[in-house]
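S.K.: Quick one: this structure, given as structure tokens, is what I'll be asking you about.
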Amino acid sequence: DQYNANNQYTATNVSFHNNTGTALLSYNYGPLPDQLILKNTVLSGLHLCESASAILDMGGNFQYGDSTLSCGPTIPVAGSNPFGANILADNGGPTKTISLAATSEAVDAIDAAACSVSIDQRGSMRPFDGNNDGTAQCDPGAYEYTDTTAPVLAEVTPVPTPGSNQLPNYTFSSDEAGTITYGGACSSLNTGAITGNNTLKFNVLGLGTYTDCTL
């Protein structure tokens, strides 16, 4: 955030949530009118902006739940509270933050090319594939949602004729999309998993039985 001599206040990747007064006010103290420059910012709750005309929308901003005042027609109204039941808490980093809900429309809402900063307020890296669709994108606001829950994998079709197939196939299911990492003797050109069934063709192996293959 910064305020300059031209009466311009810039907020980049800031979260405004449930303020008891108006979140963004504009006052004219000098010869130039105040201007609020917003980018990749979350505006959530009631009474968000005192004057939409003072807002300069630089993109990536979202307003949630404001039924009485608007931050301007160029900032989309994205629905309900993006934080769910989460409150200001110690989520790591030097200050308290409010974590985005896993189901929030804000998760991965900003294209990676439009990310303003490479870390969030906690120091977590941006962009991050928060919705597990295989593409790392950025979130608006101060908090980058990071889903660290391991996917649930299950074997669907085991390797046929183990010990005598140098190009074996293997099918497994996953409840999340993501990147496949291999361990042990096995490897494959297949590096991306989708939600549902995934069939892999392993790279050439010597004849024999292998017990150290992991993914």
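For the structure tokens, the naming scheme is as follows: chains receive sequential letters (A, B, ...) according to their order of presentation, residues are indexed from 1 within each chain, and ligands are indexed from 1 in presentation order.
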Excluding Tyr170 of chain A and any residue of its chain fewer than 5 positions from it, enumerate the residues within 12 Å of it, using only C-alpha atoms, and give them as JSON, numbers by chain.
M.R.: {"A": [154, 155, 156, 157, 158, 159, 160, 161, 162, 165, 186, 187, 188, 190, 197, 198, 199, 200, 201, 202, 203, 213, 214, 215]}
S.K.: Would you mind writing down, as an MDAnalysis selection string, each residue of segment 1-213 of chain A that DSSP on the backbone assigns to strand (DSSP E)?
M.R.: chainID A and resid 2:3 8:12 15:17 35:39 42:44 55:57 62:64 153:157 169:174 178:179 192:193 196:201
S.K.: Could those residues be written to a file, using C-alpha atoms, as an mmCIF file, in the first residue's frame?
M.R.:
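Output file part01.cif follows:
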```
data_model
loop_
_atom_site.group_PDB
_atom_site.id
_atom_site.type_symbol
_atom_site.label_atom_id
_atom_site.label_comp_id
_atom_site.auth_asym_id
_atom_site.auth_seq_id
_atom_site.Cartn_x
_atom_site.Cartn_y
_atom_site.Cartn_z
ATOM 1 C CA GLN A 2 1.193 3.540 -0.631
ATOM 2 C CA TYR A 3 -0.044 7.134 -0.620
ATOM 3 C CA GLN A 8 -3.512 8.833 -4.659
ATOM 4 C CA TYR A 9 -3.732 5.817 -2.370
ATOM 5 C CA THR A 10 -2.789 2.485 -3.968
ATOM 6 C CA ALA A 11 -3.935 -0.834 -2.515
ATOM 7 C CA THR A 12 -2.555 -3.985 -4.140
ATOM 8 C CA SER A 15 -8.315 -7.693 1.910
ATOM 9 C CA PHE A 16 -11.040 -5.394 3.270
ATOM 10 C CA HIS A 17 -13.556 -7.462 5.239
ATOM 11 C CA GLN A 35 -8.152 8.763 -5.768
ATOM 12 C CA LEU A 36 -8.177 5.164 -4.588
ATOM 13 C CA ILE A 37 -6.231 2.874 -6.928
ATOM 14 C CA LEU A 38 -7.145 -0.775 -6.415
ATOM 15 C CA LYS A 39 -5.579 -3.894 -7.914
ATOM 16 C CA VAL A 42 -10.927 -8.142 -2.054
ATOM 17 C CA LEU A 43 -13.753 -5.907 -0.807
ATOM 18 C CA SER A 44 -16.096 -7.926 1.379
ATOM 19 C CA ILE A 55 -12.050 4.401 -7.406
ATOM 20 C CA LEU A 56 -9.566 3.594 -10.157
ATOM 21 C CA ASP A 57 -9.985 -0.093 -10.958
ATOM 22 C CA PHE A 62 -13.783 -8.285 -6.472
ATOM 23 C CA GLN A 63 -16.562 -6.961 -4.227
ATOM 24 C CA TYR A 64 -18.682 -9.317 -2.174
ATOM 25 C CA LEU A 153 -5.398 -42.216 -4.778
ATOM 26 C CA ALA A 154 -6.761 -45.703 -5.426
ATOM 27 C CA GLU A 155 -5.645 -48.509 -7.688
ATOM 28 C CA VAL A 156 -8.105 -49.251 -10.499
ATOM 29 C CA THR A 157 -6.196 -51.644 -12.769
ATOM 30 C CA ASN A 169 0.151 -49.848 -18.126
ATOM 31 C CA TYR A 170 -1.279 -48.884 -14.755
ATOM 32 C CA THR A 171 -4.583 -47.193 -13.940
ATOM 33 C CA PHE A 172 -5.340 -45.299 -10.741
ATOM 34 C CA SER A 173 -8.001 -42.837 -9.618
ATOM 35 C CA SER A 174 -7.475 -39.467 -7.940
ATOM 36 C CA GLY A 178 -2.317 -32.284 -10.170
ATOM 37 C CA THR A 179 1.240 -33.249 -11.084
ATOM 38 C CA GLY A 192 -0.357 -34.745 -15.137
ATOM 39 C CA ALA A 193 -3.280 -36.317 -13.268
ATOM 40 C CA GLY A 196 -11.045 -39.552 -11.910
ATOM 41 C CA ASN A 197 -9.237 -42.412 -13.618
ATOM 42 C CA ASN A 198 -5.703 -41.988 -14.982
ATOM 43 C CA THR A 199 -3.940 -44.608 -17.139
ATOM 44 C CA LEU A 200 -0.144 -44.480 -17.240
ATOM 45 C CA LYS A 201 2.296 -46.173 -19.584
#
```
S.K.: So that I can check the surroundings of Ala136 of chain A, please list as number ranges by chain every protein, DNA and RNA residue that reaches within 6 Å of it, counting only C-alpha atoms and ignoring chain neighbours fewer than 2 positions away.
M.R.: A: 127-129
S.K.: What would the file look like if the residues just selected were written as a PDB file, in the first residue's frame with all heavy atoms?
M.R.:
```pdb
ATOM      1  N   PRO A 127       2.062 -17.565  -8.036  1.00  0.00           N
ATOM      2  CA  PRO A 127       0.732 -18.166  -7.971  1.00  0.00           C
ATOM      3  C   PRO A 127       0.785 -19.573  -7.385  1.00  0.00           C
ATOM      4  O   PRO A 127       1.862 -20.174  -7.281  1.00  0.00           O
ATOM      5  CB  PRO A 127       0.311 -18.201  -9.444  1.00  0.00           C
ATOM      6  CG  PRO A 127       1.597 -18.349 -10.189  1.00  0.00           C
ATOM      7  CD  PRO A 127       2.615 -17.563  -9.399  1.00  0.00           C
ATOM      8  N   PHE A 128      -0.410 -20.102  -7.048  1.00  0.00           N
ATOM      9  CA  PHE A 128      -0.526 -21.455  -6.498  1.00  0.00           C
ATOM     10  C   PHE A 128      -1.811 -22.066  -7.035  1.00  0.00           C
ATOM     11  O   PHE A 128      -2.831 -21.368  -7.150  1.00  0.00           O
ATOM     12  CB  PHE A 128      -0.556 -21.416  -4.965  1.00  0.00           C
ATOM     13  CG  PHE A 128      -0.525 -22.779  -4.315  1.00  0.00           C
ATOM     14  CD1 PHE A 128       0.683 -23.386  -4.017  1.00  0.00           C
ATOM     15  CD2 PHE A 128      -1.707 -23.451  -4.010  1.00  0.00           C
ATOM     16  CE1 PHE A 128       0.720 -24.646  -3.420  1.00  0.00           C
ATOM     17  CE2 PHE A 128      -1.677 -24.706  -3.417  1.00  0.00           C
ATOM     18  CZ  PHE A 128      -0.460 -25.305  -3.116  1.00  0.00           C
ATOM     19  N   ASP A 129      -1.767 -23.339  -7.341  1.00  0.00           N
ATOM     20  CA  ASP A 129      -2.954 -24.030  -7.850  1.00  0.00           C
ATOM     21  C   ASP A 129      -3.872 -24.383  -6.690  1.00  0.00           C
ATOM     22  O   ASP A 129      -3.910 -25.517  -6.218  1.00  0.00           O
ATOM     23  CB  ASP A 129      -2.540 -25.283  -8.623  1.00  0.00           C
ATOM     24  CG  ASP A 129      -3.726 -26.018  -9.240  1.00  0.00           C
ATOM     25  OD1 ASP A 129      -4.819 -25.422  -9.312  1.00  0.00           O
ATOM     26  OD2 ASP A 129      -3.557 -27.176  -9.659  1.00  0.00           O
TER      27      ASP A 129
END
```
S.K.: Which one of A:Ser99, A:Leu189, A:Asn13, A:Gly183 sits closest to Arg126 of chain A if you count only C-alpha atoms?
M.R.: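 Distance minimum relative to Arg126 of chain A lands on A:Asn13.
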S.K.: Have a look at atom CA of Glu176 of chain A and atom CA of Ile119 of chain A and let me know their distance in Å, one decimal.
M.R.: 24.2 Å
S.K.: Kindly give the distance, in Å, that separates atom CA of Gly60 of chain A and atom CA of Ile110 of chain A, rounded to a single decimal.
M.R.: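 Atom-to-atom, atom CA of Gly60 of chain A and atom CA of Ile110 of chain A are spaced 6.1 Å apart.
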